[in-house]
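Here's the structure, in structure tokens; my notes come after.
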Amino acid sequence: MAQPSRVVAFLSDFGSRDPYVAIVKAVIEKISAGKVRVIDISHDVPGFSVVAGAYVLYTSYRYFPRGTVFLVVIDPGVGTERRALAVRTSNYYFVGPDNGVLYPAITEDGVVEARVISNEAVFLKPVSKSFHGRDVFGPAAALLALGVPLEALGPRIEPEKLVRLELRKRCEEETVEAMVVYVDHFGNAALGLDKECLEKLCQRGSIVAETRGRHYKAKCLPVFSVAEKGELVFYLNSLGFPELAVNLGSAAQLLGIGIGDVVRLYPA
Amino acid sequence: MAQPSRVVAFLSDFGSRDPYVAIVKAVIEKISAGKVRVIDISHDVPGFSVVAGAYVLYTSYRYFPRGTVFLVVIDPGVGTERRALAVRTSNYYFVGPDNGVLYPAITEDGVVEARVISNEAVFLKPVSKSFHGRDVFGPAAALLALGVPLEALGPRIEPEKLVRLELRKRCEEETVEAMVVYVDHFGNAALGLDKECLEKLCQRGSIVAETRGRHYKAKCLPVFSVAEKGELVFYLNSLGFPELAVNLGSAAQLLGIGIGDVVRLYPA
Amino acid sequence: MAQPSRVVAFLSDFGSRDPYVAIVKAVIEKISAGKVRVIDISHDVPGFSVVAGAYVLYTSYRYFPRGTVFLVVIDPGVGTERRALAVRTSNYYFVGPDNGVLYPAITEDGVVEARVISNEAVFLKPVSKSFHGRDVFGPAAALLALGVPLEALGPRIEPEKLVRLELRKRCEEETVEAMVVYVDHFGNAALGLDKECLEKLCQRGSIVAETRGRHYKAKCLPVFSVAEKGELVFYLNSLGFPELAVNLGSAAQLLGIGIGDVVRLYPA
């Protein structure tokens with residue numbers, strides 16, 4: 001069992017220009033008397049996108065030291081009846097809403113125990129209706145990082161009852177409909193597919209990406225920087241997802257796609 | 001009297017992509033030999049907006065531990081004759097220009113002592129004409145966080161002489177002209193009104209927001225996430241300000257308003 | 001010889017909204033067991049701009065304490081044959097690709113020893129083709145900050161063999177063609193010129209800036225905030241570069257210029 005590391009890794013869609021992130025950090029600083037350090041994952045996950053948040057968490061959590069507490073506040077349902085979760089996995093702790101955003105990461109690492117955060121002694125009071133990052137999730141993460149046991153936060157919940165979210169699908173056929181699960185700031189579009197899809201789709205060295213009735217040919221390459229400038233490339237990105245990219249350009253712009261859009265792919 | 005906590009909370013409009021923030025942090029790191037930690041509040045306060053900076057500081061300072069030193073560099077008057085201030089309040093320390101940006105926070109917490117930063121021994125020399133964050137405010141904040149007494153920075157100034165800025169007004173009549181004091185990255189528009197205005201304006205369950213000759217009906221609700229998608233909502237935000245919001249959308253975009261604009265509100 | 005300070009100053013074009021920055025920080029945290037602190041310089045250097053990265057590094061490194069390890073990942077050539085460098089200078093350590101981004105800073109501080117990072121024991125494996133910040137540069141910076149000697153990273157390379165990049169040029173004539181080396185978030189455009197150019201060009205109190213066939217008159221002033229609102233100003237910025245700025249406005253927008261563009265300047 002991983003001891004908490006006194007590090008909170010913080011992921012949200014609060015935006016880095018608003019006061020929300022700082023307020024959560026201040027709460028953690030105050031509760032922990034400066035003993036817990038916060039490492040930002042990102043606060044600019046596209047607003048309300050649970051899929052993008054799940055992708056960012058899933059692709060980054062494994063690089064953190066054992067015992068890291070992940071605080072994830074991508075929470076379009078704040079103020080409604082969605083559950084607040086604290087989860088212990090084989091190597092880490094996770095705190096966030098039960099909307100699927102934690103699901104790919106905790107499932108891969110292996111859920112040991114999941115709890116619903118409901119013990120009012122944990123909360124910063126009065127609990128607001130729209131800022132549970134400050135009032136519920138932040139305090140819970142700070143306490144876990146300080147070594148407070150998971151059971152202090154609330155009752156156990158069976159892992160099967162958690163809201164599910166699958167980031168990847170298998171390629172059974174020659175043609176696959178892939179969801180764009182992330183677009184990074186270069187405009188590279190990660191697709192919700194297994195690694196193995198790449199080999200299957202790339203058997204002839206190129207693929208066709210079809211979206212909104214338009215067709216784009218993409219070359220299968222090991223890395224986008226070896227392509228010509230402006231060329232569309234299909235490759236396995238450094239985080240393990242098949243991705244469409246344009247060398248020194250933006251694939252998302254070229255294809256007119258964003259997170260949540262679907263692209264049809266088949267060998268060229 | 002609050003002992004300084006060795007934490008500097010840093011708010012500016014320097015932008016997070018330029019080197020300015022890092023340079024100020026480097027100066028603090030060097031002066032304090034690594035003993036002072038910096039927590040970012042935000043560096044993307046809309047350029048030159050003293051009102052927005054005052055809002056962000058006022059709504060976040062109270063969550064920080066006692067003794068935190070707030071370093072605030074929103075300073076459109078840099079290079080002119082405006083004063084540089086260091087202020088001790090009941091629970092905190094504040095460093096920044098005398099342009100009103102500190103005013104709502106220090107007034108609420110209670111000014112104990114205010115000083116004009118003018119002791120040249122404090123400055124990083126040569127003092128530039130346009131980067132007092134690096135040369136004046138940063139060093140002053142680092143020294144305060146290390147425990148240097150306020151009187152070492154310069155002469156006392158009477159609190160009544162400070163530049164004033166009021167973020168909120170009362171609602172005396174049924175109709176009120178409210179200034180937009182902040183727009184967050186969701187597009188929620190916070191209004192410079194007392195909390196009590198909400199009750200007064202919402203007596204019939206809805207309000208009209210009028211701007212540029214157009215009228216918008218907004219429902220009074222406890223939280224925006226319970227509204228229909230796209231619906232305009234008027235509610236008390238989690239930081240204690242009456243706010244216009246659109247569930248899963250942008251109120252600022254819908255109404256075409258930004259920080260500093262005035263909206264007329266009355267019961268529907 | 002400067003002892004490493006256990007501080008890594010991190011500059012990249014990874015964007016602050018994507019998971020890349022956090023992954024590199026996680027790797028450093030893991031390798032150093034929390035003993036190395038990371039200070040962000042910026043992660044929003046305009047994509048692939050080696051010149052802008054070189055400017056940000058060159059203008060900020062000198063403010064950091066001796067022994068700081070600079071981790072610079074602006075690396076459009078990742079996946080190609082460009083070298084990975086670790087450099088010790090008179091006061092600091094630098095890690096980054098050999099594409100010129102380190103050149104102005106290390107040359108000014110004085111190269112003591114340069115090494116090609118090639119010792120596979122340093123790498124996070126398997127080494128990806130497109131994320132050397134995580135697999136090569138991040139681990140190397142963490143190890144240097146922990147006190148691992150430079151020679152452990154790989155073979156020596158002669159400083160003369162490094163890729164060169166000059167940020168500034170001299171003004172020999174009355175007319176000079178200046179490259180825009182940086183545009184900050186205010187829209188101020190820094191020019192790749194020596195400080196001395198200012199005096200030369202400003203002998204009559206104003207200059208003409210010519211770009212794309214259009215001519216703009218700019219007043220020579222000590223600081224932009226003393227200009228009229230909207231007025232174009234030519235002055236020495238706080239980082240030591242001649243700069244075009246508009247008080248309370250954007251010079252880059254007014255002139256339609258960006259990083260890498262050339263502006264012709266001469267006395268008015």
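Identifiers for the structure tokens are assigned positionally: chains receive A, B, ... in sequence, residues are indexed from 1 per chain, and ligands are indexed from 1 in the order shown.
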
>> At a cut-off of 8 Å, which residues of chain A touch chain B? Count only C-alpha atoms and give the answer as an MDAnalysis selection string.
In response: chainID A and resid 14:23 25:27 29:30 33 47:48 76:80 128:131

Generate the output file for the selected residues, N, CA, C and O atoms, as a tab-separated table (two decimals), in the first residue's frame.
chain	number	residue	atom	x	y	z
A	14	PHE	N	-10.53	25.09	-14.33
A	14	PHE	CA	-10.80	26.39	-13.70
A	14	PHE	C	-10.21	27.56	-14.49
A	14	PHE	O	-10.57	28.71	-14.23
A	15	GLY	N	-9.30	27.27	-15.40
A	15	GLY	CA	-8.63	28.35	-16.12
A	15	GLY	C	-7.54	28.94	-15.26
A	15	GLY	O	-7.73	29.14	-14.06
A	16	SER	N	-6.40	29.24	-15.86
A	16	SER	CA	-5.29	29.73	-15.03
A	16	SER	C	-5.40	31.23	-14.79
A	16	SER	O	-4.64	31.77	-14.01
A	17	ARG	N	-6.36	31.91	-15.43
A	17	ARG	CA	-6.40	33.36	-15.18
A	17	ARG	C	-7.38	33.78	-14.09
A	17	ARG	O	-7.31	34.89	-13.60
A	18	ASP	N	-8.25	32.88	-13.68
A	18	ASP	CA	-9.24	33.21	-12.66
A	18	ASP	C	-8.72	32.86	-11.25
A	18	ASP	O	-7.74	32.16	-11.12
A	19	PRO	N	-9.39	33.35	-10.20
A	19	PRO	CA	-8.86	33.11	-8.85
A	19	PRO	C	-9.09	31.70	-8.31
A	19	PRO	O	-8.56	31.36	-7.26
A	20	TYR	N	-9.83	30.85	-9.04
A	20	TYR	CA	-10.27	29.58	-8.46
A	20	TYR	C	-9.11	28.64	-8.09
A	20	TYR	O	-9.10	28.02	-7.03
A	21	VAL	N	-8.13	28.52	-8.98
A	21	VAL	CA	-7.01	27.62	-8.71
A	21	VAL	C	-6.26	28.06	-7.46
A	21	VAL	O	-5.94	27.25	-6.59
A	22	ALA	N	-6.00	29.36	-7.36
A	22	ALA	CA	-5.25	29.88	-6.21
A	22	ALA	C	-6.01	29.66	-4.92
A	22	ALA	O	-5.42	29.39	-3.87
A	23	ILE	N	-7.33	29.77	-4.98
A	23	ILE	CA	-8.12	29.58	-3.77
A	23	ILE	C	-8.01	28.14	-3.29
A	23	ILE	O	-7.83	27.88	-2.09
A	25	LYS	N	-5.51	26.12	-3.85
A	25	LYS	CA	-4.15	25.96	-3.33
A	25	LYS	C	-4.01	26.60	-1.95
A	25	LYS	O	-3.31	26.07	-1.08
A	26	ALA	N	-4.65	27.74	-1.75
A	26	ALA	CA	-4.59	28.41	-0.45
A	26	ALA	C	-5.23	27.52	0.62
A	26	ALA	O	-4.71	27.40	1.73
A	27	VAL	N	-6.35	26.89	0.27
A	27	VAL	CA	-7.03	26.00	1.21
A	27	VAL	C	-6.12	24.82	1.59
A	27	VAL	O	-6.01	24.45	2.76
A	29	GLU	N	-2.84	24.77	1.38
A	29	GLU	CA	-1.72	25.34	2.15
A	29	GLU	C	-2.11	25.55	3.61
A	29	GLU	O	-1.35	25.25	4.52
A	30	LYS	N	-3.33	26.04	3.81
A	30	LYS	CA	-3.79	26.34	5.17
A	30	LYS	C	-4.03	25.04	5.95
A	30	LYS	O	-3.56	24.90	7.08
A	33	ALA	N	-0.71	23.37	6.67
A	33	ALA	CA	0.34	24.22	7.26
A	33	ALA	C	1.62	24.16	6.44
A	33	ALA	O	2.73	24.08	6.98
A	47	GLY	N	-13.27	23.70	-21.25
A	47	GLY	CA	-14.36	23.81	-20.28
A	47	GLY	C	-15.36	22.67	-20.35
A	47	GLY	O	-15.90	22.38	-21.42
A	48	PHE	N	-15.63	22.06	-19.23
A	48	PHE	CA	-16.65	21.04	-19.08
A	48	PHE	C	-16.33	19.74	-19.82
A	48	PHE	O	-17.18	18.86	-19.90
A	76	PRO	N	-18.74	19.49	-14.51
A	76	PRO	CA	-19.90	20.23	-15.02
A	76	PRO	C	-21.16	20.00	-14.18
A	76	PRO	O	-22.08	20.81	-14.22
A	77	GLY	N	-21.19	18.93	-13.39
A	77	GLY	CA	-22.39	18.63	-12.62
A	77	GLY	C	-22.37	19.18	-11.21
A	77	GLY	O	-23.22	18.82	-10.39
A	78	VAL	N	-21.43	20.08	-10.89
A	78	VAL	CA	-21.38	20.62	-9.53
A	78	VAL	C	-22.73	21.26	-9.18
A	78	VAL	O	-23.32	21.96	-10.01
A	79	GLY	N	-23.17	21.01	-7.99
A	79	GLY	CA	-24.46	21.55	-7.57
A	79	GLY	C	-25.61	20.60	-7.84
A	79	GLY	O	-26.71	20.81	-7.36
A	80	THR	N	-25.35	19.55	-8.63
A	80	THR	CA	-26.37	18.52	-8.84
A	80	THR	C	-26.03	17.32	-7.94
A	80	THR	O	-25.16	17.42	-7.08
A	128	SER	N	-20.39	25.75	-0.66
A	128	SER	CA	-21.07	26.49	-1.72
A	128	SER	C	-21.75	25.50	-2.67
A	128	SER	O	-21.51	24.30	-2.63
A	129	LYS	N	-22.58	26.04	-3.54
A	129	LYS	CA	-23.27	25.19	-4.51
A	129	LYS	C	-22.45	25.00	-5.78
A	129	LYS	O	-22.73	24.13	-6.58
A	130	SER	N	-21.43	25.86	-5.99
A	130	SER	CA	-20.75	25.78	-7.28
A	130	SER	C	-19.23	25.73	-7.19
A	130	SER	O	-18.56	25.80	-8.20
A	131	PHE	N	-18.66	25.55	-6.00
A	131	PHE	CA	-17.21	25.55	-5.90
A	131	PHE	C	-16.74	24.45	-4.95
A	131	PHE	O	-16.15	24.71	-3.91

>> Which residues are close to Thr211 of chain A, i.e. within 9 Å by only C-alpha atoms, leaving aside same-chain residues fewer than 4 positions away? Reply as a PyMOL selection string.
In response: chain A and resi 215-216+255-257+261-264

Grab the residues selected above and save them as a PDB file, in the first residue's frame with all heavy atoms.
ATOM      1  N   HIS A 215     -12.279  14.097 -47.360  1.00  0.00           N
ATOM      2  CA  HIS A 215     -11.313  13.017 -47.195  1.00  0.00           C
ATOM      3  C   HIS A 215      -9.896  13.579 -47.173  1.00  0.00           C
ATOM      4  O   HIS A 215      -9.549  14.397 -48.023  1.00  0.00           O
ATOM      5  CB  HIS A 215     -11.426  12.014 -48.352  1.00  0.00           C
ATOM      6  CG  HIS A 215     -12.763  11.365 -48.434  1.00  0.00           C
ATOM      7  ND1 HIS A 215     -13.884  12.041 -48.863  1.00  0.00           N
ATOM      8  CD2 HIS A 215     -13.169  10.107 -48.110  1.00  0.00           C
ATOM      9  CE1 HIS A 215     -14.926  11.221 -48.801  1.00  0.00           C
ATOM     10  NE2 HIS A 215     -14.521  10.054 -48.360  1.00  0.00           N
ATOM     11  N   TYR A 216      -9.105  13.098 -46.230  1.00  0.00           N
ATOM     12  CA  TYR A 216      -7.720  13.544 -46.113  1.00  0.00           C
ATOM     13  C   TYR A 216      -6.817  12.322 -46.075  1.00  0.00           C
ATOM     14  O   TYR A 216      -7.081  11.380 -45.329  1.00  0.00           O
ATOM     15  CB  TYR A 216      -7.522  14.334 -44.823  1.00  0.00           C
ATOM     16  CG  TYR A 216      -8.418  15.533 -44.715  1.00  0.00           C
ATOM     17  CD1 TYR A 216      -9.718  15.410 -44.207  1.00  0.00           C
ATOM     18  CD2 TYR A 216      -7.989  16.790 -45.130  1.00  0.00           C
ATOM     19  CE1 TYR A 216     -10.553  16.508 -44.116  1.00  0.00           C
ATOM     20  CE2 TYR A 216      -8.817  17.900 -45.039  1.00  0.00           C
ATOM     21  CZ  TYR A 216     -10.100  17.751 -44.529  1.00  0.00           C
ATOM     22  OH  TYR A 216     -10.928  18.832 -44.441  1.00  0.00           O
ATOM     23  N   LEU A 255      -8.397  19.765 -40.527  1.00  0.00           N
ATOM     24  CA  LEU A 255      -9.561  18.894 -40.681  1.00  0.00           C
ATOM     25  C   LEU A 255     -10.835  19.528 -40.104  1.00  0.00           C
ATOM     26  O   LEU A 255     -11.922  18.979 -40.263  1.00  0.00           O
ATOM     27  CB  LEU A 255      -9.319  17.538 -39.994  1.00  0.00           C
ATOM     28  CG  LEU A 255      -8.575  16.471 -40.808  1.00  0.00           C
ATOM     29  CD1 LEU A 255      -7.107  16.834 -40.988  1.00  0.00           C
ATOM     30  CD2 LEU A 255      -8.715  15.105 -40.155  1.00  0.00           C
ATOM     31  N   GLY A 256     -10.686  20.648 -39.401  1.00  0.00           N
ATOM     32  CA  GLY A 256     -11.849  21.278 -38.784  1.00  0.00           C
ATOM     33  C   GLY A 256     -12.457  20.432 -37.678  1.00  0.00           C
ATOM     34  O   GLY A 256     -13.676  20.342 -37.552  1.00  0.00           O
ATOM     35  N   ILE A 257     -11.615  19.809 -36.861  1.00  0.00           N
ATOM     36  CA  ILE A 257     -12.125  18.918 -35.811  1.00  0.00           C
ATOM     37  C   ILE A 257     -11.721  19.399 -34.427  1.00  0.00           C
ATOM     38  O   ILE A 257     -10.733  20.100 -34.252  1.00  0.00           O
ATOM     39  CB  ILE A 257     -11.617  17.467 -35.989  1.00  0.00           C
ATOM     40  CG1 ILE A 257     -10.081  17.466 -36.170  1.00  0.00           C
ATOM     41  CG2 ILE A 257     -12.334  16.804 -37.141  1.00  0.00           C
ATOM     42  CD1 ILE A 257      -9.477  16.076 -36.251  1.00  0.00           C
ATOM     43  N   ASP A 261     -15.405  15.204 -31.538  1.00  0.00           N
ATOM     44  CA  ASP A 261     -15.777  14.919 -32.933  1.00  0.00           C
ATOM     45  C   ASP A 261     -15.346  13.499 -33.318  1.00  0.00           C
ATOM     46  O   ASP A 261     -14.463  12.914 -32.711  1.00  0.00           O
ATOM     47  CB  ASP A 261     -15.112  15.917 -33.886  1.00  0.00           C
ATOM     48  CG  ASP A 261     -15.748  17.298 -33.797  1.00  0.00           C
ATOM     49  OD1 ASP A 261     -16.843  17.408 -33.212  1.00  0.00           O
ATOM     50  OD2 ASP A 261     -15.138  18.259 -34.298  1.00  0.00           O
ATOM     51  N   VAL A 262     -16.011  12.980 -34.346  1.00  0.00           N
ATOM     52  CA  VAL A 262     -15.707  11.619 -34.791  1.00  0.00           C
ATOM     53  C   VAL A 262     -15.073  11.663 -36.187  1.00  0.00           C
ATOM     54  O   VAL A 262     -15.516  12.409 -37.054  1.00  0.00           O
ATOM     55  CB  VAL A 262     -16.988  10.759 -34.804  1.00  0.00           C
ATOM     56  CG1 VAL A 262     -16.735   9.417 -35.492  1.00  0.00           C
ATOM     57  CG2 VAL A 262     -17.464  10.538 -33.365  1.00  0.00           C
ATOM     58  N   VAL A 263     -14.009  10.873 -36.346  1.00  0.00           N
ATOM     59  CA  VAL A 263     -13.320  10.776 -37.633  1.00  0.00           C
ATOM     60  C   VAL A 263     -13.368   9.313 -38.068  1.00  0.00           C
ATOM     61  O   VAL A 263     -13.148   8.417 -37.256  1.00  0.00           O
ATOM     62  CB  VAL A 263     -11.853  11.236 -37.512  1.00  0.00           C
ATOM     63  CG1 VAL A 263     -11.144  11.157 -38.859  1.00  0.00           C
ATOM     64  CG2 VAL A 263     -11.786  12.653 -36.956  1.00  0.00           C
ATOM     65  N   ARG A 264     -13.674   9.086 -39.360  1.00  0.00           N
ATOM     66  CA  ARG A 264     -13.676   7.714 -39.876  1.00  0.00           C
ATOM     67  C   ARG A 264     -12.316   7.448 -40.530  1.00  0.00           C
ATOM     68  O   ARG A 264     -11.840   8.264 -41.325  1.00  0.00           O
ATOM     69  CB  ARG A 264     -14.793   7.559 -40.914  1.00  0.00           C
ATOM     70  CG  ARG A 264     -14.848   6.213 -41.595  1.00  0.00           C
ATOM     71  CD  ARG A 264     -15.758   6.276 -42.810  1.00  0.00           C
ATOM     72  NE  ARG A 264     -17.132   6.518 -42.413  1.00  0.00           N
ATOM     73  CZ  ARG A 264     -18.056   5.552 -42.332  1.00  0.00           C
ATOM     74  NH1 ARG A 264     -17.737   4.307 -42.645  1.00  0.00           N
ATOM     75  NH2 ARG A 264     -19.272   5.851 -41.978  1.00  0.00           N
TER      76      ARG A 264
END

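Our summary of the geometry notes that atom CA of Leu71 of chain C is positioned 25.3 Å from atom CA of Ala189 of chain C.
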
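Residues in contact with Tyr266 of chain A at up to 8 Å, not including ones fewer than 4 positions away on its chain and judged by only C-alpha atoms, are Glu174, Thr175, Val176, Leu201, Ile207, Val208 and Ala209 of chain A.
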
>> Among segment 224-268 of chain C, which residues does DSSP mark as strand (DSSP E) when it is run on the backbone? Keep the chain and numbering as in the structure and answer as JSON, numbers by chain.
In response: {"C": [232, 233, 234, 235, 236, 242, 243, 244, 245, 246, 262, 263, 264, 265, 266, 267]}

>> Taking 3 positions as the minimum chain separation for residues in the same chain, which residues sit within 10 Å of Glu120 of chain B when counting only C-alpha atoms? Answer as a PyMOL selection string.
In response: chain B and resi 117+123-125+127+136+153-154

> What does the distance from atom CA of Leu85 of chain B to atom CA of Ala114 of chain B come to in Å, to one decimal?
Replying inline: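 Atom CA of Ala114 of chain B lies at a distance of 6.9 Å from atom CA of Leu85 of chain B.
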
> Which distance in Å separates atom CA of Tyr103 of chain B and atom CA of Ile31 of chain A, to one decimal?
Replying inline: 27.1 Å

> Got a sec: who's within 9 Å of Gly205 of chain B, counting only C-alpha atoms, leaving out chain neighbours fewer than 6 positions off, as a ChimeraX atom specification?
Replying inline: /B:218-221,267-268

> Looking only at the backbone, which of the residues in segment 16-261 of chain B does DSSP tag as helix (DSSP H, G or I), as a ChimeraX atom specification?
Replying inline: /B:20-32,50-63,103-109,120-122,132-145,150-152,159-161,196-201,224-226,251-255

Write the selection just made, keeping C-alpha atoms, as a short mmCIF file (atom, residue, chain, number, x, y, z; two decimals), in the first residue's frame?
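The result, written out as part06.cif:
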data_model
loop_
_atom_site.label_atom_id
_atom_site.label_comp_id
_atom_site.auth_asym_id
_atom_site.auth_seq_id
_atom_site.Cartn_x
_atom_site.Cartn_y
_atom_site.Cartn_z
CA TYR B 20 8.35 38.73 -16.41
CA VAL B 21 6.77 36.40 -13.85
CA ALA B 22 9.79 34.10 -13.81
CA ILE B 23 12.15 37.03 -13.36
CA VAL B 24 10.25 38.22 -10.29
CA LYS B 25 10.27 34.68 -8.89
CA ALA B 26 13.99 34.40 -9.56
CA VAL B 27 14.60 37.64 -7.67
CA ILE B 28 12.59 36.34 -4.70
CA GLU B 29 14.40 33.00 -4.84
CA LYS B 30 17.77 34.75 -4.86
CA ILE B 31 16.99 37.23 -2.06
CA SER B 32 15.50 34.53 0.14
CA VAL B 50 -7.13 47.57 -11.78
CA VAL B 51 -10.77 46.66 -11.11
CA ALA B 52 -10.33 43.04 -12.22
CA GLY B 53 -7.13 42.76 -10.18
CA ALA B 54 -8.87 44.18 -7.12
CA TYR B 55 -11.67 41.61 -7.57
CA VAL B 56 -9.29 38.66 -7.89
CA LEU B 57 -7.29 39.74 -4.83
CA TYR B 58 -10.35 40.56 -2.73
CA THR B 59 -12.08 37.26 -3.48
CA SER B 60 -9.02 35.06 -2.87
CA TYR B 61 -6.88 36.58 -0.11
CA ARG B 62 -9.02 35.31 2.77
CA TYR B 63 -8.32 31.65 1.98
CA TYR B 103 -7.92 48.74 -1.46
CA PRO B 104 -10.92 46.37 -1.11
CA ALA B 105 -8.81 43.60 0.45
CA ILE B 106 -6.81 45.71 2.90
CA THR B 107 -9.89 47.66 3.95
CA GLU B 108 -11.86 44.52 4.67
CA ASP B 109 -9.04 42.88 6.62
CA GLU B 120 16.67 52.43 -1.94
CA ALA B 121 18.51 49.70 -0.04
CA VAL B 122 15.50 47.51 -0.78
CA HIS B 132 8.97 47.62 -10.70
CA GLY B 133 7.73 44.07 -10.11
CA ARG B 134 11.34 42.99 -10.44
CA ASP B 135 13.09 46.02 -8.97
CA VAL B 136 10.80 47.28 -6.19
CA PHE B 137 7.75 45.16 -5.35
CA GLY B 138 9.36 41.70 -5.65
CA PRO B 139 12.31 42.53 -3.38
CA ALA B 140 10.00 44.21 -0.85
CA ALA B 141 7.72 41.16 -0.72
CA ALA B 142 10.67 38.79 -0.34
CA LEU B 143 12.06 40.84 2.56
CA LEU B 144 8.70 41.00 4.34
CA ALA B 145 8.28 37.24 3.96
CA LEU B 150 7.62 47.03 7.53
CA GLU B 151 9.35 50.19 8.77
CA ALA B 152 12.53 49.20 6.95
CA PRO B 159 -4.54 54.99 5.37
CA GLU B 160 -6.95 57.83 4.47
CA LYS B 161 -4.49 59.04 1.85
CA GLU B 196 -28.10 41.84 -0.37
CA CYS B 197 -28.92 43.15 -3.86
CA LEU B 198 -29.71 39.66 -4.96
CA GLU B 199 -32.65 39.27 -2.64
CA LYS B 200 -33.95 42.71 -3.50
CA LEU B 201 -33.76 42.26 -7.25
CA PHE B 224 -26.22 27.94 -12.63
CA SER B 225 -25.79 24.20 -13.21
CA VAL B 226 -29.46 23.53 -12.41
CA ALA B 251 -23.03 35.25 -20.36
CA ALA B 252 -20.39 37.81 -21.39
CA GLN B 253 -20.70 36.70 -25.00
CA LEU B 254 -24.51 36.53 -24.94
CA LEU B 255 -24.82 40.07 -23.55
#

>> Using only C-alpha atoms, can you tell me which of B:Arg88, B:Val101, B:Phe94, B:Val148 comes closest to Asp75 of chain B?
In response: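 Of B:Arg88, B:Val101, B:Phe94, B:Val148, the one nearest Asp75 of chain B, counting only C-alpha atoms, is B:Val101.
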